[in-house]
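So this block is upload-v8.pdb, PDB, C-alpha atoms and all ligand atoms:
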ATOM      1  CA  MET A 223      -7.276 -38.872 -10.449
ATOM      2  CA  SER A 224      -4.245 -36.524 -10.316
ATOM      3  CA  SER A 225      -1.692 -36.880  -7.544
ATOM      4  CA  LYS A 226      -0.846 -33.196  -7.780
ATOM      5  CA  PRO A 227      -2.088 -31.005  -4.911
ATOM      6  CA  ALA A 228      -4.938 -28.671  -5.847
ATOM      7  CA  VAL A 229      -4.538 -24.913  -5.520
ATOM      8  CA  LEU A 230      -6.706 -21.873  -6.134
ATOM      9  CA  VAL A 231      -5.410 -18.825  -7.981
ATOM     10  CA  ALA A 232      -7.977 -16.397  -6.681
ATOM     11  CA  ARG A 233      -7.513 -13.558  -9.184
ATOM     12  CA  ALA A 234      -6.192 -13.233 -12.730
ATOM     13  CA  VAL A 235      -2.407 -13.154 -12.945
ATOM     14  CA  PHE A 236       0.263 -13.405 -15.649
ATOM     15  CA  PRO A 237      -0.536 -16.528 -17.745
ATOM     16  CA  GLU A 238       3.072 -17.760 -17.456
ATOM     17  CA  VAL A 239       2.698 -17.829 -13.671
ATOM     18  CA  VAL A 240      -0.428 -19.978 -13.938
ATOM     19  CA  GLU A 241       1.437 -22.196 -16.400
ATOM     20  CA  ARG A 242       4.356 -22.558 -13.991
ATOM     21  CA  LEU A 243       1.993 -23.449 -11.139
ATOM     22  CA  SER A 244       0.252 -25.979 -13.394
ATOM     23  CA  ALA A 245       3.493 -27.956 -13.641
ATOM     24  CA  HIS A 246       3.198 -28.647  -9.905
ATOM     25  CA  PHE A 247      -0.494 -28.376  -9.106
ATOM     26  CA  GLU A 248      -4.041 -28.914 -10.276
ATOM     27  CA  VAL A 249      -4.809 -25.220 -10.704
ATOM     28  CA  ASP A 250      -8.277 -23.724 -10.342
ATOM     29  CA  ALA A 251      -7.686 -20.222 -11.743
ATOM     30  CA  ASN A 252     -10.273 -17.467 -11.462
ATOM     31  CA  VAL A 253      -9.704 -16.467 -15.074
ATOM     32  CA  ALA A 254     -12.887 -14.364 -15.103
ATOM     33  CA  ASP A 255     -11.131 -12.259 -12.437
ATOM     34  CA  THR A 256     -14.368 -11.372 -10.683
ATOM     35  CA  PRO A 257     -13.478 -10.787  -7.024
ATOM     36  CA  LEU A 258     -14.813 -13.791  -5.097
ATOM     37  CA  SER A 259     -17.406 -13.191  -2.421
ATOM     38  CA  ARG A 260     -16.723 -14.882   0.899
ATOM     39  CA  PRO A 261     -19.048 -17.856   0.161
ATOM     40  CA  GLN A 262     -17.545 -18.165  -3.347
ATOM     41  CA  LEU A 263     -14.032 -18.123  -1.906
ATOM     42  CA  ILE A 264     -14.928 -20.862   0.577
ATOM     43  CA  GLU A 265     -16.558 -22.910  -2.164
ATOM     44  CA  ARG A 266     -13.584 -22.562  -4.535
ATOM     45  CA  LEU A 267     -11.171 -23.495  -1.718
ATOM     46  CA  GLN A 268     -12.786 -26.854  -1.052
ATOM     47  CA  GLY A 269     -10.180 -29.591  -1.491
ATOM     48  CA  LYS A 270      -7.412 -27.023  -2.083
ATOM     49  CA  ALA A 271      -4.077 -27.288  -0.283
ATOM     50  CA  GLY A 272      -2.926 -23.834  -1.298
ATOM     51  CA  ALA A 273      -4.163 -20.434  -2.372
ATOM     52  CA  PHE A 274      -2.487 -17.705  -4.434
ATOM     53  CA  VAL A 275      -4.324 -14.552  -3.383
ATOM     54  CA  THR A 276      -4.285 -10.766  -3.428
ATOM     55  CA  GLY A 277      -5.330  -8.214  -0.838
ATOM     56  CA  SER A 278      -8.957  -8.638  -1.988
ATOM     57  CA  GLU A 279      -9.377 -12.047  -0.350
ATOM     58  CA  ARG A 280      -9.798 -12.183   3.413
ATOM     59  CA  PHE A 281      -8.773 -15.200   5.461
ATOM     60  CA  ASP A 282     -10.003 -15.425   9.035
ATOM     61  CA  ALA A 283     -10.948 -18.176  11.485
ATOM     62  CA  GLU A 284     -14.333 -18.716   9.851
ATOM     63  CA  VAL A 285     -12.887 -19.187   6.340
ATOM     64  CA  LEU A 286     -10.111 -21.410   7.692
ATOM     65  CA  ALA A 287     -12.572 -23.597   9.609
ATOM     66  CA  ALA A 288     -14.556 -24.089   6.393
ATOM     67  CA  CYS A 289     -11.421 -25.097   4.436
ATOM     68  CA  PRO A 290      -9.687 -27.740   6.558
ATOM     69  CA  GLN A 291      -7.414 -28.954   3.741
ATOM     70  CA  LEU A 292      -5.784 -25.564   3.277
ATOM     71  CA  ARG A 293      -2.090 -25.510   4.232
ATOM     72  CA  VAL A 294      -0.724 -22.321   2.683
ATOM     73  CA  VAL A 295      -1.957 -18.880   1.618
ATOM     74  CA  CYS A 296       0.408 -16.871  -0.592
ATOM     75  CA  ASN A 297      -0.377 -13.164  -0.784
ATOM     76  CA  MET A 298       0.741 -11.299  -3.895
ATOM     77  CA  ALA A 299       1.305  -8.171  -1.802
ATOM     78  CA  VAL A 300       3.682  -7.065   0.889
ATOM     79  CA  GLY A 301       0.813  -5.849   3.111
ATOM     80  CA  TYR A 302      -1.214  -8.654   4.661
ATOM     81  CA  ASN A 303      -3.991  -7.046   6.636
ATOM     82  CA  ASN A 304      -6.357  -9.314   4.650
ATOM     83  CA  LEU A 305      -4.901 -12.295   6.527
ATOM     84  CA  ASP A 306      -5.640 -12.996  10.182
ATOM     85  CA  ILE A 307      -2.166 -14.290  10.936
ATOM     86  CA  ALA A 308      -2.999 -15.482  14.450
ATOM     87  CA  ALA A 309      -5.948 -17.512  13.119
ATOM     88  CA  CYS A 310      -3.837 -18.930  10.271
ATOM     89  CA  THR A 311      -1.059 -19.900  12.675
ATOM     90  CA  ALA A 312      -3.566 -21.541  15.032
ATOM     91  CA  ALA A 313      -4.986 -23.491  12.079
ATOM     92  CA  GLY A 314      -1.480 -24.527  10.927
ATOM     93  CA  VAL A 315      -1.804 -22.519   7.715
ATOM     94  CA  LEU A 316       1.417 -20.951   6.455
ATOM     95  CA  CYS A 317       1.116 -17.377   5.125
ATOM     96  CA  THR A 318       3.593 -15.662   2.792
ATOM     97  CA  ASN A 319       3.880 -12.170   1.299
ATOM     98  CA  THR A 320       6.062 -10.356  -1.274
ATOM     99  CA  PRO A 321       8.464  -7.988   0.492
ATOM    100  CA  ASP A 322      11.497  -6.298  -1.104
ATOM    101  CA  VAL A 323      10.575  -6.838  -4.763
ATOM    102  CA  LEU A 324       8.237  -3.823  -4.718
ATOM    103  CA  THR A 325      10.123  -1.472  -2.395
ATOM    104  CA  GLU A 326      11.728   0.856  -4.938
ATOM    105  CA  THR A 327       8.728   0.906  -7.290
ATOM    106  CA  THR A 328       6.366   1.770  -4.452
ATOM    107  CA  ALA A 329       8.737   4.444  -3.165
ATOM    108  CA  ASP A 330       8.925   5.979  -6.660
ATOM    109  CA  PHE A 331       5.154   6.212  -6.742
ATOM    110  CA  GLY A 332       4.864   7.647  -3.253
ATOM    111  CA  PHE A 333       7.355  10.309  -4.181
ATOM    112  CA  ALA A 334       5.510  11.053  -7.415
ATOM    113  CA  LEU A 335       2.224  11.431  -5.523
ATOM    114  CA  MET A 336       3.833  13.728  -2.975
ATOM    115  CA  MET A 337       5.239  15.905  -5.756
ATOM    116  CA  ALA A 338       1.930  15.910  -7.585
ATOM    117  CA  ALA A 339       0.139  17.100  -4.440
ATOM    118  CA  ALA A 340       2.778  19.715  -3.599
ATOM    119  CA  ARG A 341       2.770  21.109  -7.155
ATOM    120  CA  ARG A 342      -1.009  20.770  -7.659
ATOM    121  CA  MET A 343      -0.660  18.639 -10.790
ATOM    122  CA  ALA A 344      -4.060  16.923 -10.765
ATOM    123  CA  GLU A 345      -5.921  20.081  -9.811
ATOM    124  CA  SER A 346      -4.248  22.152 -12.550
ATOM    125  CA  GLU A 347      -4.722  19.418 -15.149
ATOM    126  CA  HIS A 348      -8.450  19.291 -14.404
ATOM    127  CA  PHE A 349      -8.572  23.096 -14.786
ATOM    128  CA  LEU A 350      -6.843  22.840 -18.168
ATOM    129  CA  ARG A 351      -9.107  20.023 -19.381
ATOM    130  CA  ARG A 352     -12.171  22.053 -18.393
ATOM    131  CA  GLY A 353     -10.988  24.765 -20.818
ATOM    132  CA  GLU A 354     -10.552  27.304 -18.016
ATOM    133  CA  TRP A 355      -6.941  28.267 -18.864
ATOM    134  CA  LYS A 356      -7.237  31.712 -20.463
ATOM    135  CA  THR A 357      -4.027  33.467 -19.458
ATOM    136  CA  TRP A 358      -0.842  33.286 -17.359
ATOM    137  CA  ARG A 359      -1.076  34.546 -13.792
ATOM    138  CA  TYR A 360       1.726  35.022 -11.252
ATOM    139  CA  ASP A 361      -0.167  33.011  -8.639
ATOM    140  CA  MET A 362      -1.782  30.393 -10.845
ATOM    141  CA  PHE A 363      -1.568  27.025  -9.056
ATOM    142  CA  THR A 364       1.329  28.069  -6.891
ATOM    143  CA  GLY A 365       2.216  25.162  -4.645
ATOM    144  CA  SER A 366       5.017  24.383  -2.246
ATOM    145  CA  ASP A 367       8.577  23.253  -2.888
ATOM    146  CA  VAL A 368       9.624  19.680  -2.331
ATOM    147  CA  HIS A 369      13.398  20.253  -2.573
ATOM    148  CA  GLY A 370      14.830  21.490   0.696
ATOM    149  CA  ALA A 371      11.529  20.965   2.552
ATOM    150  CA  THR A 372      10.979  18.732   5.583
ATOM    151  CA  LEU A 373       9.831  15.227   4.680
ATOM    152  CA  GLY A 374       7.925  13.526   7.492
ATOM    153  CA  ILE A 375       7.585   9.743   7.319
ATOM    154  CA  LEU A 376       5.190   7.767   9.509
ATOM    155  CA  GLY A 377       6.376   4.134   9.377
ATOM    156  CA  MET A 378      10.056   3.640   8.610
ATOM    157  CA  GLY A 379      10.242   0.131   7.177
ATOM    158  CA  ARG A 380      11.799  -0.742   3.831
ATOM    159  CA  ILE A 381       9.526   1.522   1.767
ATOM    160  CA  GLY A 382       9.769   4.395   4.262
ATOM    161  CA  GLN A 383      13.557   4.199   4.080
ATOM    162  CA  ALA A 384      13.475   4.113   0.261
ATOM    163  CA  ILE A 385      11.375   7.289   0.295
ATOM    164  CA  ALA A 386      13.752   8.885   2.796
ATOM    165  CA  ARG A 387      16.675   8.134   0.441
ATOM    166  CA  ARG A 388      14.905   9.822  -2.431
ATOM    167  CA  GLY A 389      14.091  12.862  -0.318
ATOM    168  CA  ALA A 390      17.442  13.258   1.407
ATOM    169  CA  LEU A 391      19.841  12.302  -1.378
ATOM    170  CA  GLY A 392      17.885  13.432  -4.424
ATOM    171  CA  PHE A 393      15.991  16.478  -3.210
ATOM    172  CA  GLY A 394      18.022  17.774  -0.274
ATOM    173  CA  MET A 395      15.080  17.278   2.095
ATOM    174  CA  LYS A 396      15.364  17.179   5.861
ATOM    175  CA  VAL A 397      13.943  13.853   7.025
ATOM    176  CA  VAL A 398      12.033  13.351  10.260
ATOM    177  CA  TYR A 399      10.275  10.081  10.984
ATOM    178  CA  HIS A 400       8.195   8.330  13.574
ATOM    179  CA  ASN A 401       8.243   4.579  13.962
ATOM    180  CA  ARG A 402       7.765   2.189  16.871
ATOM    181  CA  SER A 403      11.433   1.330  16.732
ATOM    182  CA  ARG A 404      14.175   3.789  15.956
ATOM    183  CA  LEU A 405      16.619   2.964  13.152
ATOM    184  CA  PRO A 406      20.207   2.203  14.161
ATOM    185  CA  ALA A 407      22.403   5.320  14.038
ATOM    186  CA  GLU A 408      24.335   3.979  11.031
ATOM    187  CA  GLN A 409      21.084   3.851   9.013
ATOM    188  CA  GLU A 410      19.898   7.287  10.158
ATOM    189  CA  ALA A 411      23.192   9.065   9.527
ATOM    190  CA  PRO A 412      23.475   8.850   5.696
ATOM    191  CA  LEU A 413      19.915  10.171   5.421
ATOM    192  CA  GLY A 414      20.268  12.756   8.152
ATOM    193  CA  ALA A 415      17.053  11.163   9.432
ATOM    194  CA  ARG A 416      15.809  12.183  12.871
ATOM    195  CA  TRP A 417      13.404  10.075  14.957
ATOM    196  CA  VAL A 418      10.710  12.277  16.528
ATOM    197  CA  ASP A 419       7.517  11.633  18.438
ATOM    198  CA  LYS A 420       4.291  11.678  16.465
ATOM    199  CA  ALA A 421       3.270  15.181  17.581
ATOM    200  CA  THR A 422       6.619  16.598  16.441
ATOM    201  CA  LEU A 423       6.330  14.744  13.134
ATOM    202  CA  LEU A 424       2.917  16.270  12.494
ATOM    203  CA  ALA A 425       4.086  19.758  13.469
ATOM    204  CA  GLU A 426       7.369  19.748  11.515
ATOM    205  CA  ALA A 427       6.529  17.948   8.252
ATOM    206  CA  ASP A 428       6.063  20.043   5.124
ATOM    207  CA  HIS A 429       5.187  16.821   3.344
ATOM    208  CA  LEU A 430       3.907  13.915   5.421
ATOM    209  CA  MET A 431       4.136  10.416   3.945
ATOM    210  CA  LEU A 432       2.276   7.440   5.453
ATOM    211  CA  VAL A 433       3.978   4.085   4.977
ATOM    212  CA  LEU A 434       2.995   2.148   8.102
ATOM    213  CA  PRO A 435       1.324  -1.274   7.935
ATOM    214  CA  TYR A 436      -2.386  -1.406   8.721
ATOM    215  CA  SER A 437      -3.426  -2.940  12.020
ATOM    216  CA  PRO A 438      -6.445  -2.188  14.209
ATOM    217  CA  ALA A 439      -4.089  -0.072  16.347
ATOM    218  CA  ALA A 440      -3.175   1.997  13.268
ATOM    219  CA  HIS A 441      -6.838   2.651  12.352
ATOM    220  CA  HIS A 442      -7.371   6.397  11.817
ATOM    221  CA  SER A 443      -3.797   7.200  12.843
ATOM    222  CA  ILE A 444      -4.485  10.417  10.943
ATOM    223  CA  GLY A 445      -7.861  11.889  11.874
ATOM    224  CA  ALA A 446      -9.205  15.343  12.643
ATOM    225  CA  ALA A 447      -6.991  15.807  15.716
ATOM    226  CA  GLU A 448      -3.814  14.889  13.850
ATOM    227  CA  LEU A 449      -4.707  16.968  10.788
ATOM    228  CA  ALA A 450      -5.203  19.937  13.117
ATOM    229  CA  GLN A 451      -1.594  19.602  14.250
ATOM    230  CA  MET A 452      -0.205  19.848  10.701
ATOM    231  CA  LYS A 453       0.982  23.040   9.009
ATOM    232  CA  PRO A 454      -1.684  24.720   6.850
ATOM    233  CA  THR A 455       0.864  24.559   3.996
ATOM    234  CA  ALA A 456       1.555  20.844   4.449
ATOM    235  CA  THR A 457       0.684  17.939   2.159
ATOM    236  CA  LEU A 458      -0.325  14.417   3.183
ATOM    237  CA  THR A 459       0.351  11.324   1.068
ATOM    238  CA  ASN A 460      -0.999   7.847   1.895
ATOM    239  CA  ILE A 461       0.463   4.827   0.094
ATOM    240  CA  ALA A 462       0.034   2.524   3.101
ATOM    241  CA  ARG A 463      -3.506   1.244   3.527
ATOM    242  CA  GLY A 464      -7.000   2.635   3.603
ATOM    243  CA  GLY A 465      -8.280   3.090   7.143
ATOM    244  CA  ILE A 466      -5.014   4.611   8.361
ATOM    245  CA  VAL A 467      -6.491   7.981   7.397
ATOM    246  CA  ASP A 468      -9.990   9.062   8.402
ATOM    247  CA  ASP A 469     -11.062   9.938   4.856
ATOM    248  CA  ALA A 470     -14.060  12.056   5.936
ATOM    249  CA  ALA A 471     -11.874  14.116   8.280
ATOM    250  CA  LEU A 472      -9.267  14.533   5.543
ATOM    251  CA  ALA A 473     -11.853  15.738   3.032
ATOM    252  CA  ALA A 474     -13.082  18.312   5.571
ATOM    253  CA  ALA A 475      -9.531  19.504   6.310
ATOM    254  CA  LEU A 476      -8.802  19.897   2.591
ATOM    255  CA  ARG A 477     -12.054  21.687   1.899
ATOM    256  CA  GLU A 478     -11.404  24.132   4.732
ATOM    257  CA  GLN A 479      -7.751  24.436   3.623
ATOM    258  CA  ARG A 480      -6.509  23.372   7.042
ATOM    259  CA  ILE A 481      -3.810  21.511   5.095
ATOM    260  CA  ALA A 482      -2.776  22.432   1.556
ATOM    261  CA  ALA A 483      -3.168  19.203  -0.389
ATOM    262  CA  ALA A 484      -3.229  15.419  -0.242
ATOM    263  CA  ALA A 485      -2.523  12.396  -2.399
ATOM    264  CA  LEU A 486      -4.131   9.021  -1.757
ATOM    265  CA  ASP A 487      -3.488   5.668  -3.400
ATOM    266  CA  VAL A 488      -5.476   3.716  -0.787
ATOM    267  CA  PHE A 489      -8.923   4.241   0.712
ATOM    268  CA  GLU A 490     -11.149   3.065   3.508
ATOM    269  CA  GLY A 491     -13.495   0.476   1.973
ATOM    270  CA  GLU A 492     -11.777   0.596  -1.444
ATOM    271  CA  PRO A 493     -12.616   0.298  -4.289
ATOM    272  CA  SER A 494     -15.318   2.626  -2.950
ATOM    273  CA  VAL A 495     -14.023   6.127  -2.388
ATOM    274  CA  HIS A 496     -15.593   8.492   0.135
ATOM    275  CA  ALA A 497     -17.814  10.852  -1.867
ATOM    276  CA  ASP A 498     -16.359  13.945  -0.179
ATOM    277  CA  LEU A 499     -12.870  13.110  -1.458
ATOM    278  CA  LEU A 500     -14.166  13.136  -5.024
ATOM    279  CA  THR A 501     -15.335  16.716  -4.774
ATOM    280  CA  VAL A 502     -12.403  18.435  -3.062
ATOM    281  CA  PRO A 503     -10.053  19.989  -5.632
ATOM    282  CA  ASN A 504      -6.702  19.873  -3.861
ATOM    283  CA  ILE A 505      -6.211  16.113  -3.932
ATOM    284  CA  VAL A 506      -4.612  13.504  -6.173
ATOM    285  CA  LEU A 507      -6.422  10.149  -6.222
ATOM    286  CA  THR A 508      -5.098   6.896  -7.691
ATOM    287  CA  PRO A 509      -6.588   3.358  -7.539
ATOM    288  CA  HIS A 510      -4.072   1.454  -5.356
ATOM    289  CA  ILE A 511      -1.352   1.247  -8.020
ATOM    290  CA  ALA A 512       1.820   2.133  -6.119
ATOM    291  CA  SER A 513       3.457  -1.199  -6.998
ATOM    292  CA  ALA A 514       2.019  -1.318 -10.512
ATOM    293  CA  THR A 515       4.882  -1.509 -12.966
ATOM    294  CA  VAL A 516       5.023  -4.500 -15.274
ATOM    295  CA  ALA A 517       8.402  -5.581 -13.931
ATOM    296  CA  THR A 518       7.380  -5.298 -10.293
ATOM    297  CA  ARG A 519       4.027  -7.005 -10.717
ATOM    298  CA  ARG A 520       5.891  -9.848 -12.480
ATOM    299  CA  ALA A 521       8.346 -10.024  -9.589
ATOM    300  CA  MET A 522       5.525 -10.051  -7.023
ATOM    301  CA  ALA A 523       3.635 -12.803  -8.875
ATOM    302  CA  GLY A 524       6.866 -14.782  -9.299
ATOM    303  CA  LEU A 525       7.669 -14.555  -5.606
ATOM    304  CA  ALA A 526       4.143 -15.566  -4.583
ATOM    305  CA  ALA A 527       4.442 -18.568  -6.920
ATOM    306  CA  ASP A 528       7.894 -19.450  -5.490
ATOM    307  CA  ASN A 529       6.331 -19.467  -2.036
ATOM    308  CA  LEU A 530       3.399 -21.638  -3.078
ATOM    309  CA  ILE A 531       5.574 -24.173  -4.899
ATOM    310  CA  ALA A 532       8.100 -24.417  -2.075
ATOM    311  CA  ALA A 533       5.424 -24.691   0.609
ATOM    312  CA  LEU A 534       3.666 -27.626  -1.056
ATOM    313  CA  THR A 535       6.653 -29.493  -2.497
ATOM    314  CA  GLY A 536       8.835 -29.777   0.585
ATOM    315  CA  GLY A 537      10.978 -26.688  -0.125
ATOM    316  CA  THR A 538      11.649 -23.609   1.954
ATOM    317  CA  PRO A 539       9.289 -20.733   1.117
ATOM    318  CA  PRO A 540      11.432 -17.608   0.669
ATOM    319  CA  THR A 541       9.210 -15.085   2.439
ATOM    320  CA  PRO A 542       7.017 -16.649   5.138
ATOM    321  CA  ILE A 543       5.057 -14.403   7.508
ATOM    322  CA  ASN A 544       4.465 -17.073  10.172
ATOM    323  CA  PRO A 545       7.452 -19.439   9.792
ATOM    324  CA  GLU A 546       6.582 -21.013  13.146
ATOM    325  CA  VAL A 547       3.950 -23.009  11.247
ATOM    326  CA  LEU A 548       6.738 -24.648   9.213
ATOM    327  CA  ALA A 549       8.781 -25.339  12.313
ATOM    328  CA  ALA A 550       5.779 -27.078  13.894
ATOM    329  CA  ARG A 551       5.209 -29.393  10.874
TER     330      ARG A 551
HETATM  331  C1  LIG A 601       1.059  -4.374  -1.324
HETATM  332  O1  LIG A 601       1.901  -5.103  -1.847
HETATM  333  O2  LIG A 601       0.770  -4.448  -0.123
HETATM  334  C2  LIG A 601       0.367  -3.418  -2.215
HETATM  335  O3  LIG A 601      -0.393  -2.512  -1.515
HETATM  336  C3  LIG A 601      -0.481  -4.162  -3.214
HETATM  337  O4  LIG A 601      -1.578  -4.706  -2.539
END
Once more with this new file: its structure as structure tokens, please.
Ligand code: DGY
Amino acid sequence: MSSKPAVLVARAVFPEVVERLSAHFEVDANVADTPLSRPQLIERLQGKAGAFVTGSERFDAEVLAACPQLRVVCNMAVGYNNLDIAACTAAGVLCTNTPDVLTETTADFGFALMMAAARRMAESEHFLRRGEWKTWRYDMFTGSDVHGATLGILGMGRIGQAIARRGALGFGMKVVYHNRSRLPAEQEAPLGARWVDKATLLAEADHLMLVLPYSPAAHHSIGAAELAQMKPTATLTNIARGGIVDDAALAAALREQRIAAAALDVFEGEPSVHADLLTVPNIVLTPHIASATVATRRAMAGLAADNLIAALTGGTPPTPINPEVLAAR
């Protein structure tokens, strides 16, 4: 019988990461990479001290109660709305995530989506692929400028600030943002960023970017009422989490051209996508890939592994979410 602690790697990940974990642990790796149902997750966690997981696995009081040997859950994601942190803390289970390593990559993608929506890239590509391009026209797929426009950011954490830098320093955009806490003046000044209330953000943004973490309080932060406050020429980009936007209300607003265009990387109930979003033309849709570059996914997996190894071998996990669990041990 091995003296190594047992861990679950809940989804497929770089083989070298599994190999590295195997030097420390008895690893049960879900090499088939089929997302585990809740009962399957509970079954695979039996006898496991740690779990290397992604946003697809949910941990709440019920799962924790069924897995009493679990001591640490390491999310390979910066967002952790799949983890009930209060329940994990109460159960003495440490949770970790992967901040920082994906900030610039995710900001690049958010900016790309915003530009694609503003300049109607997906819509015009579909038109071309359908063989409908017969001639040049002065108003063919005219969109709106990104340079010099007003960039509105809802949620001004690390990724929000990285997007603001791109907009302000690279594209000469005016930056307005809304966040629970205002940035210190020395962080606002180089970006020319201005804190505004949510209503002002909605009214002033030419391009609105959502980068706030999901919480029940953030559910449908952008619904019909908020969309109605936006400019008819505005675009909306969501790289935060599904559920922050009311997808049905967004589809209706796009169809009725109450806003000009949208770009979504995240969806309510993903990987399902609301049927209405699939039929509106003025939208760019991507399958939750904002952090998906090879280098960044390697960095995320590496950091999640660092956390798991440290947590179960007496080290200090680099990026804990509920460090009070460590302090209490
Ligand atoms: C994150 O890191 O939160 C990304 O959305 C990937 O899940």
Check your understanding: Hey, what's within 12 Å of Thr256 (chain A) if we count all atoms listed in the file and toss same-chain stuff fewer than 4 positions away? As a PyMOL selection string, please?
Key -> chain A and resi 231-234+251-252+262-263+278-279
Check your understanding: Near Gly269 (chain A), within 8 Å and counting all atoms listed in the file, which residues show up once chain neighbours fewer than 6 positions away are dropped, as a ChimeraX atom specification?
Key -> /A:228,289,291-292
Exercise for review: Would you list the residues that come within 6 Å of ligand LIG 601 (chain A)? Count only C-alpha atoms and all ligand atoms and give the answer as a VMD selection string.
Suggested key: chain A and resid 277 299 to 301
Review point. For Pro509 (chain A), which residue out of A:Ala288, A:Leu424, A:Met522, A:Val488 is the nearest one, using all atoms listed in the file?
Key: A:Val488
Point to revise | Which of A:Glu284, A:Asp428, A:Glu448, A:Asp419 sits closest to Ala483 (chain A) [using all atoms listed in the file] | key: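 Checking each candidate against Ala483 (chain A), we get A:Asp428 as the closest.
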Practice item. Extract, using only C-alpha atoms, all DNA, RNA and protein residues at most 10 Å from region 527-532 of chain A, discarding same-chain residues fewer than 6 positions from it, and format them as a PyMOL selection string. Key: chain A and resi 229+231+239-240+242-243+245-247+271-274+293-298+316-320+521+538-542
Review point. In Å, how far is it from CA of Phe363 (chain A) to CA of Gln479 (chain A)?
Key: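 Going from CA of Phe363 (chain A) over to CA of Gln479 (chain A), I get 14.3 Å.
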Practice item. For Phe331 (chain A), work out the shell of residues within 12 Å, counting only C-alpha atoms and skipping chain neighbours fewer than 3 positions away, then give it as an MDAnalysis selection string. Key: chainID A and resid 324:328 334:338 381 384:385 388 431 433 459:462 485:487 508 510:515
Check your understanding: Near Thr311 (chain A), within 12 Å and counting only C-alpha atoms, which residues show up once chain neighbours fewer than 2 positions away are dropped, as number ranges by chain?
Key -> A: 281-283, 286, 292-295, 305-309, 313-318, 542-551
Practice item. Taking the file as shown, find all residues satisfying the PyMOL selection byres (((chain A and resi 364-369) around 10) and not hetatm) and write them as a ChimeraX atom specification. Key: /A:333,336-343,346,359-363,370-373,389-390,392-396,428-429,455-457,482-483
Completed region 306-318 of chain A (N, CA and C atoms) as a PDB file, keeping the file's coordinate frame:
ATOM      1  N   ASP A 306      -5.699 -12.949   8.720  1.00  0.00           N
ATOM      2  CA  ASP A 306      -5.640 -12.996  10.182  1.00  0.00           C
ATOM      3  C   ASP A 306      -4.524 -13.989  10.525  1.00  0.00           C
ATOM      4  N   ILE A 307      -3.355 -13.435  10.781  1.00  0.00           N
ATOM      5  CA  ILE A 307      -2.166 -14.290  10.936  1.00  0.00           C
ATOM      6  C   ILE A 307      -2.301 -15.196  12.167  1.00  0.00           C
ATOM      7  N   ALA A 308      -2.848 -14.655  13.241  1.00  0.00           N
ATOM      8  CA  ALA A 308      -2.999 -15.482  14.450  1.00  0.00           C
ATOM      9  C   ALA A 308      -3.913 -16.675  14.152  1.00  0.00           C
ATOM     10  N   ALA A 309      -5.011 -16.420  13.439  1.00  0.00           N
ATOM     11  CA  ALA A 309      -5.948 -17.512  13.119  1.00  0.00           C
ATOM     12  C   ALA A 309      -5.283 -18.511  12.178  1.00  0.00           C
ATOM     13  N   CYS A 310      -4.520 -18.022  11.205  1.00  0.00           N
ATOM     14  CA  CYS A 310      -3.837 -18.930  10.271  1.00  0.00           C
ATOM     15  C   CYS A 310      -2.823 -19.781  11.028  1.00  0.00           C
ATOM     16  N   THR A 311      -2.069 -19.153  11.916  1.00  0.00           N
ATOM     17  CA  THR A 311      -1.059 -19.900  12.675  1.00  0.00           C
ATOM     18  C   THR A 311      -1.746 -20.965  13.528  1.00  0.00           C
ATOM     19  N   ALA A 312      -2.839 -20.578  14.182  1.00  0.00           N
ATOM     20  CA  ALA A 312      -3.566 -21.541  15.032  1.00  0.00           C
ATOM     21  C   ALA A 312      -4.089 -22.710  14.196  1.00  0.00           C
ATOM     22  N   ALA A 313      -4.451 -22.429  12.943  1.00  0.00           N
ATOM     23  CA  ALA A 313      -4.986 -23.491  12.079  1.00  0.00           C
ATOM     24  C   ALA A 313      -3.867 -24.243  11.349  1.00  0.00           C
ATOM     25  N   GLY A 314      -2.606 -23.860  11.596  1.00  0.00           N
ATOM     26  CA  GLY A 314      -1.480 -24.527  10.927  1.00  0.00           C
ATOM     27  C   GLY A 314      -1.350 -24.144   9.463  1.00  0.00           C
ATOM     28  N   VAL A 315      -1.878 -22.975   9.111  1.00  0.00           N
ATOM     29  CA  VAL A 315      -1.804 -22.519   7.715  1.00  0.00           C
ATOM     30  C   VAL A 315      -0.655 -21.518   7.575  1.00  0.00           C
ATOM     31  N   LEU A 316       0.290 -21.844   6.706  1.00  0.00           N
ATOM     32  CA  LEU A 316       1.417 -20.951   6.455  1.00  0.00           C
ATOM     33  C   LEU A 316       0.944 -19.768   5.607  1.00  0.00           C
ATOM     34  N   CYS A 317       1.421 -18.571   5.928  1.00  0.00           N
ATOM     35  CA  CYS A 317       1.116 -17.377   5.125  1.00  0.00           C
ATOM     36  C   CYS A 317       2.429 -16.807   4.598  1.00  0.00           C
ATOM     37  N   THR A 318       2.398 -16.305   3.358  1.00  0.00           N
ATOM     38  CA  THR A 318       3.593 -15.662   2.792  1.00  0.00           C
ATOM     39  C   THR A 318       3.178 -14.353   2.143  1.00  0.00           C
TER      40      THR A 318
END
